[in-house]
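Reviewing the structure listed below.
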Amino acid sequence: MNGFARTPGLKWMIICTCVYKYASHSSQSILTMFLVDNGESLSRIGFMSGMAGQVISIAVASVCGLVLSAKGISPLQLLMLTSLLSVCSVIIQLYVVWWNNTTFIAFVYLLHNVVHGSQATPVYTLMLSCSQNAPRSVRTACYSFLGTLEILGKQMSLFMAGVLTEIFGYVAGLNISLIVSVFVVLLVWRCPGHLRCS
């Protein structure tokens with residue numbers, strides 16, 4: 001445990017890993033529930049959020065990996081861009097729900113899947129960088145811990161989104177997602193200095 005305590009930036013990375021998934025995944029979950037409740041075609045929703053969405057996310061993640069490998073942009077800069085894109089995505093989803101306007105729902109899913117794909121790559125890169133800064137005896141454990149938190153963050157975000165939407169409704173649920181998305185932007189802005197250079 002002493003090794004974890006001496007890992008620079010680990011507290012920030014833990015918060016970021018847990019929170020960014022709520023920002024990106026909760027709004028899509030809420031939007032999907034809204035569309036199902038409003039009688040949208042289940043096959044259309046399944047195609048956009050399932051097969052097509054996964055292909056787009058994987059393609060975008062691959063492109064982001066190539067960009068990071070070419071050192072064209074830092075992981076933190078990419079995470080800031082994708083976090084701002086996430087805020088825009090939630091605002092558009094809020095518009096769809098608020099005005100009950102599903103005419104451009106394919107674009108909404110496309111944008112959101114771009115966010116999903118583009119956020120994972122810089123976060124995992126920062127997790128690796130943070131783990132490399134850990135004392136040698138806990139580097140592997142540190143990365144495994146952060147990876148586990150990232151996966152748990154996704155599952156918890158989907159659960160929390162469902163609970164909050166059932167209690168407060170779709171608009172309130174998306175407003176919570178928007179607040180968390182803005183918090184992620186501020187969190188990325190306040191990233192510790194040694195992770196900025198990764």
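Letters A, B, ... mark the chains of the structure tokens in the order given; residue numbers begin at 1 per chain; ligand numbers begin at 1, in order shown.
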message: Quick one: residues within 10 Å of Cys142 (chain A), only C-alpha atoms, excluding same-chain residues fewer than 3 positions away - as number ranges by chain?
response: A: 3-4, 7, 10, 127-128, 130-135, 137-139, 145-148
Write to file, as a compact mmCIF listing (two decimals), in the first residue's frame, the residues of the selection just made, with all heavy atoms.
```
# COMPACT_ATOMS: atom_id res chain seq x y z
N GLY A 3 3.53 1.71 -1.64
CA GLY A 3 3.90 1.99 -3.02
C GLY A 3 2.82 2.75 -3.75
O GLY A 3 3.10 3.68 -4.52
N PHE A 4 1.57 2.39 -3.51
CA PHE A 4 0.45 3.11 -4.13
C PHE A 4 0.43 4.56 -3.66
O PHE A 4 0.20 5.47 -4.44
CB PHE A 4 -0.88 2.44 -3.80
CG PHE A 4 -1.20 1.25 -4.66
CD1 PHE A 4 -0.98 -0.03 -4.21
CD2 PHE A 4 -1.70 1.42 -5.93
CE1 PHE A 4 -1.26 -1.13 -4.99
CE2 PHE A 4 -2.00 0.33 -6.74
CZ PHE A 4 -1.77 -0.95 -6.27
N THR A 7 2.76 6.85 -5.50
CA THR A 7 2.61 6.97 -6.95
C THR A 7 2.06 8.35 -7.30
O THR A 7 0.92 8.67 -6.96
CB THR A 7 1.65 5.88 -7.50
OG1 THR A 7 2.16 4.61 -7.14
CG2 THR A 7 1.50 5.99 -9.00
N LEU A 10 -1.77 9.31 -8.84
CA LEU A 10 -2.69 8.16 -8.76
C LEU A 10 -4.09 8.59 -8.29
O LEU A 10 -5.08 8.10 -8.83
CB LEU A 10 -2.13 7.09 -7.82
CG LEU A 10 -2.96 5.80 -7.71
CD1 LEU A 10 -3.11 5.12 -9.07
CD2 LEU A 10 -2.35 4.84 -6.70
N MET A 127 -3.31 5.97 -17.95
CA MET A 127 -3.21 4.93 -16.92
C MET A 127 -1.85 4.24 -16.97
O MET A 127 -1.22 3.98 -15.94
CB MET A 127 -4.34 3.91 -17.10
CG MET A 127 -5.70 4.40 -16.66
SD MET A 127 -7.11 3.41 -17.24
CE MET A 127 -6.62 1.75 -16.89
N LEU A 128 -1.37 3.97 -18.18
CA LEU A 128 -0.05 3.36 -18.34
C LEU A 128 1.04 4.30 -17.84
O LEU A 128 1.97 3.87 -17.14
CB LEU A 128 0.20 3.02 -19.81
CG LEU A 128 -0.35 1.70 -20.31
CD1 LEU A 128 -0.26 1.62 -21.83
CD2 LEU A 128 0.40 0.55 -19.69
N CYS A 130 0.78 6.72 -15.65
CA CYS A 130 0.68 6.81 -14.19
C CYS A 130 1.30 5.57 -13.55
O CYS A 130 2.05 5.67 -12.56
CB CYS A 130 -0.79 6.95 -13.77
SG CYS A 130 -1.03 7.15 -12.00
N SER A 131 1.03 4.41 -14.12
CA SER A 131 1.57 3.16 -13.57
C SER A 131 3.10 3.10 -13.70
O SER A 131 3.78 2.58 -12.83
CB SER A 131 0.95 1.96 -14.28
OG SER A 131 -0.45 1.95 -14.10
N GLN A 132 3.64 3.65 -14.79
CA GLN A 132 5.08 3.68 -14.98
C GLN A 132 5.77 4.59 -13.95
O GLN A 132 6.93 4.39 -13.63
CB GLN A 132 5.44 4.14 -16.38
CG GLN A 132 5.16 3.09 -17.43
CD GLN A 132 5.40 3.60 -18.84
OE1 GLN A 132 5.37 4.80 -19.10
NE2 GLN A 132 5.62 2.68 -19.77
N ASN A 133 5.04 5.59 -13.44
CA ASN A 133 5.59 6.49 -12.42
C ASN A 133 5.52 5.87 -11.02
O ASN A 133 6.05 6.45 -10.08
CB ASN A 133 4.85 7.83 -12.42
CG ASN A 133 5.14 8.64 -13.66
OD1 ASN A 133 6.23 8.57 -14.20
ND2 ASN A 133 4.16 9.39 -14.12
N ALA A 134 4.84 4.74 -10.90
CA ALA A 134 4.72 4.07 -9.59
C ALA A 134 6.05 3.41 -9.24
O ALA A 134 6.86 3.11 -10.13
CB ALA A 134 3.61 3.03 -9.64
N PRO A 135 6.29 3.16 -7.96
CA PRO A 135 7.47 2.38 -7.58
C PRO A 135 7.44 1.02 -8.29
O PRO A 135 6.37 0.45 -8.50
CB PRO A 135 7.31 2.21 -6.07
CG PRO A 135 6.47 3.38 -5.65
CD PRO A 135 5.54 3.64 -6.79
N SER A 137 7.88 -1.96 -7.58
CA SER A 137 7.23 -3.11 -6.93
C SER A 137 5.72 -3.14 -7.11
O SER A 137 5.10 -4.18 -6.93
CB SER A 137 7.57 -3.13 -5.44
OG SER A 137 7.08 -1.94 -4.82
N VAL A 138 5.10 -2.00 -7.48
CA VAL A 138 3.63 -1.97 -7.59
C VAL A 138 3.14 -1.54 -8.97
O VAL A 138 1.96 -1.29 -9.16
CB VAL A 138 3.00 -1.05 -6.51
CG1 VAL A 138 3.25 -1.59 -5.13
CG2 VAL A 138 3.46 0.38 -6.65
N ARG A 139 4.02 -1.46 -9.96
CA ARG A 139 3.62 -0.97 -11.29
C ARG A 139 2.52 -1.83 -11.91
O ARG A 139 1.52 -1.33 -12.39
CB ARG A 139 4.82 -0.91 -12.22
CG ARG A 139 5.71 0.26 -11.95
CD ARG A 139 6.86 0.34 -12.91
NE ARG A 139 7.73 1.45 -12.52
CZ ARG A 139 8.94 1.63 -13.00
NH1 ARG A 139 9.43 0.78 -13.90
NH2 ARG A 139 9.66 2.65 -12.59
N PHE A 145 -5.17 -2.38 -11.16
CA PHE A 145 -6.15 -1.69 -10.32
C PHE A 145 -6.90 -0.63 -11.12
O PHE A 145 -8.14 -0.57 -11.09
CB PHE A 145 -5.43 -1.07 -9.12
CG PHE A 145 -6.29 -0.18 -8.27
CD1 PHE A 145 -7.32 -0.70 -7.49
CD2 PHE A 145 -6.08 1.19 -8.25
CE1 PHE A 145 -8.12 0.11 -6.71
CE2 PHE A 145 -6.87 2.01 -7.47
CZ PHE A 145 -7.89 1.48 -6.70
N LEU A 146 -6.16 0.19 -11.87
CA LEU A 146 -6.80 1.24 -12.67
C LEU A 146 -7.68 0.64 -13.78
O LEU A 146 -8.78 1.14 -14.05
CB LEU A 146 -5.75 2.17 -13.26
CG LEU A 146 -5.03 3.07 -12.27
CD1 LEU A 146 -3.85 3.78 -12.93
CD2 LEU A 146 -5.98 4.08 -11.65
N GLY A 147 -7.21 -0.43 -14.42
CA GLY A 147 -8.01 -1.09 -15.46
C GLY A 147 -9.30 -1.66 -14.91
O GLY A 147 -10.36 -1.58 -15.53
N THR A 148 -9.22 -2.25 -13.71
CA THR A 148 -10.42 -2.78 -13.05
C THR A 148 -11.39 -1.66 -12.71
O THR A 148 -12.60 -1.80 -12.92
CB THR A 148 -10.02 -3.56 -11.78
OG1 THR A 148 -9.12 -4.60 -12.14
CG2 THR A 148 -11.25 -4.16 -11.11
```
- prompt: Within 8 Å of Val97 (chain A), counting only C-alpha atoms, which residues qualify if same-chain residues fewer than 4 places away don't, as a list in words?
  reply: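 In the requested form, the answer reads Leu31, Phe34, Gln93, Asn101, Tyr170 and Val171 of chain A.
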- prompt: From the list A:Leu79, A:Leu164, A:Val115, A:Ala172, which residue is nearest Ile58 (chain A) when using only C-alpha atoms?
  reply: A:Val115
- request: Using only C-alpha atoms, pick whichever of A:Phe168, A:Phe47, A:Phe183, A:Phe159 has the shortest atom-to-atom distance to Cys16 (chain A).
  value: A:Phe183
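For the set A:Leu158, A:Cys191, A:Leu186, A:Leu110, the residue with the smallest atom-to-atom gap to Ser49 (chain A) is A:Leu110, counting only C-alpha atoms.
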- request: Pick out the residues sitting within 8 Å of Val90 (chain A), and hand them over as a PyMOL selection string; count only C-alpha atoms, and ignore anything fewer than 3 positions along from it in its own chain.
  value: chain A and resi 27+86-87+93-94+174+177-178+181
- request: Enter the distance from CA of Arg136 (chain A) to CA of Pro122 (chain A), in Å, rounded to one decimal.
  value: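 Taking CA of Arg136 (chain A) as the start and CA of Pro122 (chain A) as the end point, the length is 22.7 Å.
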task: Identify, on the basis of only C-alpha atoms, every residue whose closest approach to Val114 (chain A) does not exceed 10 Å; exclude the query and any residue fewer than 2 positions from it along the same chain; express the result as a VMD selection string.
output: chain A and resid 53 to 54 56 to 61 82 85 to 86 89 108 to 112 116 to 119
Output all heavy atoms for every residue in the selection just made, as a compact mmCIF listing (two decimals), in the first residue's frame.
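Produced file again.txt, reproduced below:
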```
# COMPACT_ATOMS: atom_id res chain seq x y z
N GLY A 53 -22.30 0.88 -33.80
CA GLY A 53 -21.63 1.66 -32.76
C GLY A 53 -20.29 1.08 -32.37
O GLY A 53 -19.31 1.82 -32.21
N GLN A 54 -20.22 -0.24 -32.25
CA GLN A 54 -18.95 -0.89 -31.88
C GLN A 54 -17.91 -0.73 -32.97
O GLN A 54 -16.73 -0.47 -32.69
CB GLN A 54 -19.18 -2.37 -31.57
CG GLN A 54 -20.02 -2.63 -30.34
CD GLN A 54 -19.40 -2.02 -29.09
OE1 GLN A 54 -18.21 -2.13 -28.86
NE2 GLN A 54 -20.21 -1.37 -28.28
N ILE A 56 -17.71 1.69 -35.19
CA ILE A 56 -17.27 3.09 -35.19
C ILE A 56 -16.33 3.35 -34.01
O ILE A 56 -15.26 3.96 -34.18
CB ILE A 56 -18.48 4.05 -35.13
CG1 ILE A 56 -19.27 3.98 -36.44
CG2 ILE A 56 -18.05 5.48 -34.85
CD1 ILE A 56 -20.64 4.60 -36.38
N SER A 57 -16.68 2.87 -32.83
CA SER A 57 -15.83 3.07 -31.65
C SER A 57 -14.45 2.46 -31.83
O SER A 57 -13.43 3.09 -31.51
CB SER A 57 -16.49 2.48 -30.41
OG SER A 57 -17.61 3.22 -30.03
N ILE A 58 -14.39 1.24 -32.36
CA ILE A 58 -13.11 0.57 -32.56
C ILE A 58 -12.28 1.30 -33.61
O ILE A 58 -11.06 1.49 -33.44
CB ILE A 58 -13.33 -0.91 -32.94
CG1 ILE A 58 -13.88 -1.67 -31.73
CG2 ILE A 58 -12.03 -1.55 -33.43
CD1 ILE A 58 -14.41 -3.05 -32.05
N ALA A 59 -12.93 1.74 -34.70
CA ALA A 59 -12.21 2.47 -35.75
C ALA A 59 -11.65 3.78 -35.21
O ALA A 59 -10.48 4.11 -35.46
CB ALA A 59 -13.15 2.73 -36.93
N VAL A 60 -12.45 4.51 -34.46
CA VAL A 60 -12.00 5.79 -33.90
C VAL A 60 -10.87 5.56 -32.89
O VAL A 60 -9.88 6.30 -32.86
CB VAL A 60 -13.17 6.56 -33.26
CG1 VAL A 60 -12.69 7.75 -32.46
CG2 VAL A 60 -14.16 7.01 -34.33
N ALA A 61 -11.00 4.53 -32.04
CA ALA A 61 -9.94 4.22 -31.07
C ALA A 61 -8.63 3.88 -31.79
O ALA A 61 -7.55 4.30 -31.34
CB ALA A 61 -10.37 3.07 -30.17
N THR A 82 -11.79 15.19 -26.54
CA THR A 82 -12.89 14.23 -26.50
C THR A 82 -13.86 14.52 -25.35
O THR A 82 -15.05 14.25 -25.47
CB THR A 82 -12.38 12.78 -26.41
OG1 THR A 82 -11.60 12.63 -25.24
CG2 THR A 82 -11.55 12.42 -27.62
N LEU A 85 -16.03 17.19 -26.65
CA LEU A 85 -16.95 16.56 -27.59
C LEU A 85 -18.05 15.81 -26.86
O LEU A 85 -19.22 15.81 -27.28
CB LEU A 85 -16.17 15.62 -28.51
CG LEU A 85 -16.89 15.07 -29.74
CD1 LEU A 85 -17.33 16.20 -30.65
CD2 LEU A 85 -15.99 14.10 -30.48
N SER A 86 -17.71 15.21 -25.72
CA SER A 86 -18.69 14.51 -24.90
C SER A 86 -19.75 15.48 -24.36
O SER A 86 -20.94 15.17 -24.33
CB SER A 86 -18.01 13.79 -23.74
OG SER A 86 -18.94 13.12 -22.93
N SER A 89 -22.06 16.21 -27.15
CA SER A 89 -22.90 15.05 -27.40
C SER A 89 -24.06 14.98 -26.41
O SER A 89 -25.22 14.73 -26.80
CB SER A 89 -22.07 13.77 -27.32
OG SER A 89 -22.86 12.63 -27.47
N VAL A 108 -26.82 11.43 -33.74
CA VAL A 108 -26.57 11.46 -32.29
C VAL A 108 -25.80 10.21 -31.86
O VAL A 108 -24.81 10.31 -31.12
CB VAL A 108 -27.90 11.57 -31.51
CG1 VAL A 108 -27.67 11.45 -30.01
CG2 VAL A 108 -28.61 12.88 -31.83
N TYR A 109 -26.22 9.05 -32.35
CA TYR A 109 -25.51 7.81 -32.01
C TYR A 109 -24.10 7.80 -32.62
O TYR A 109 -23.15 7.34 -32.00
CB TYR A 109 -26.30 6.58 -32.47
CG TYR A 109 -27.26 6.09 -31.42
CD1 TYR A 109 -28.61 6.35 -31.51
CD2 TYR A 109 -26.81 5.36 -30.33
CE1 TYR A 109 -29.50 5.89 -30.55
CE2 TYR A 109 -27.68 4.90 -29.36
CZ TYR A 109 -29.03 5.17 -29.48
OH TYR A 109 -29.89 4.72 -28.51
N LEU A 110 -23.97 8.30 -33.84
CA LEU A 110 -22.65 8.37 -34.48
C LEU A 110 -21.70 9.21 -33.64
O LEU A 110 -20.58 8.79 -33.32
CB LEU A 110 -22.78 8.95 -35.89
CG LEU A 110 -21.46 9.29 -36.58
CD1 LEU A 110 -20.71 8.01 -36.93
CD2 LEU A 110 -21.69 10.14 -37.81
N LEU A 111 -22.15 10.40 -33.25
CA LEU A 111 -21.32 11.29 -32.45
C LEU A 111 -20.95 10.64 -31.12
O LEU A 111 -19.79 10.70 -30.69
CB LEU A 111 -22.05 12.62 -32.21
CG LEU A 111 -21.33 13.64 -31.33
CD1 LEU A 111 -20.00 14.04 -31.93
CD2 LEU A 111 -22.22 14.87 -31.12
N HIS A 112 -21.92 10.00 -30.50
CA HIS A 112 -21.65 9.41 -29.20
C HIS A 112 -20.67 8.24 -29.30
O HIS A 112 -19.83 8.05 -28.42
CB HIS A 112 -22.95 8.96 -28.53
CG HIS A 112 -22.82 8.94 -27.05
ND1 HIS A 112 -22.85 10.08 -26.29
CD2 HIS A 112 -22.62 7.93 -26.18
CE1 HIS A 112 -22.68 9.77 -25.02
NE2 HIS A 112 -22.54 8.47 -24.92
N HIS A 116 -17.07 7.62 -27.46
CA HIS A 116 -16.67 6.38 -26.76
C HIS A 116 -15.31 5.90 -27.24
O HIS A 116 -14.44 5.56 -26.44
CB HIS A 116 -17.70 5.28 -27.00
CG HIS A 116 -18.93 5.42 -26.17
ND1 HIS A 116 -19.93 4.49 -26.19
CD2 HIS A 116 -19.35 6.38 -25.31
CE1 HIS A 116 -20.90 4.87 -25.39
NE2 HIS A 116 -20.57 6.01 -24.84
N GLY A 117 -15.15 5.85 -28.56
CA GLY A 117 -13.89 5.35 -29.11
C GLY A 117 -12.71 6.25 -28.84
O GLY A 117 -11.61 5.78 -28.55
N SER A 118 -12.94 7.55 -28.89
CA SER A 118 -11.82 8.48 -28.74
C SER A 118 -11.41 8.71 -27.29
O SER A 118 -10.27 9.07 -27.03
CB SER A 118 -12.16 9.83 -29.40
OG SER A 118 -13.30 10.41 -28.81
N GLN A 119 -12.29 8.47 -26.34
CA GLN A 119 -11.93 8.69 -24.94
C GLN A 119 -11.11 7.54 -24.35
O GLN A 119 -10.23 7.77 -23.53
CB GLN A 119 -13.18 8.90 -24.07
CG GLN A 119 -13.65 10.32 -24.05
CD GLN A 119 -14.74 10.56 -23.03
OE1 GLN A 119 -15.56 9.68 -22.78
NE2 GLN A 119 -14.76 11.73 -22.47
```
- request: Write out as an NGL selection string each polymer residue whose atoms come within 7 Å of Gly153 (chain A), counting only C-alpha atoms; drop sequence neighbours fewer than 2 positions from it.
  value: :A and (18 or 21-22 or 149-151 or 155-157)
query: If you count only C-alpha atoms, which residues fall within 12 Å of Arg190 (chain A), apart from same-chain ones fewer than 5 positions away, as a PyMOL selection string?
result: chain A and resi 9+12-13+15-16+76+80+183-185+195-196
task: Rounded to one decimal place, report the CA of Ser69 (chain A)-CA of Ala52 (chain A) distance in Å.
output: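 It comes out at 25.8 Å.
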message: Please return, as an MDAnalysis selection string, all residues of chain A that DSSP assigns to alpha helix (DSSP H) on the basis of the backbone.
response: chainID A and resid 2:5 10:37 42:46 52:69 75:99 105:132 139:168 170:189 193:196
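Compared by their closest atoms to Gly50 (chain A), and using only C-alpha atoms, the residues A:Asn113, A:Thr17, A:Arg6, A:Lys11 rank with A:Asn113 nearest.
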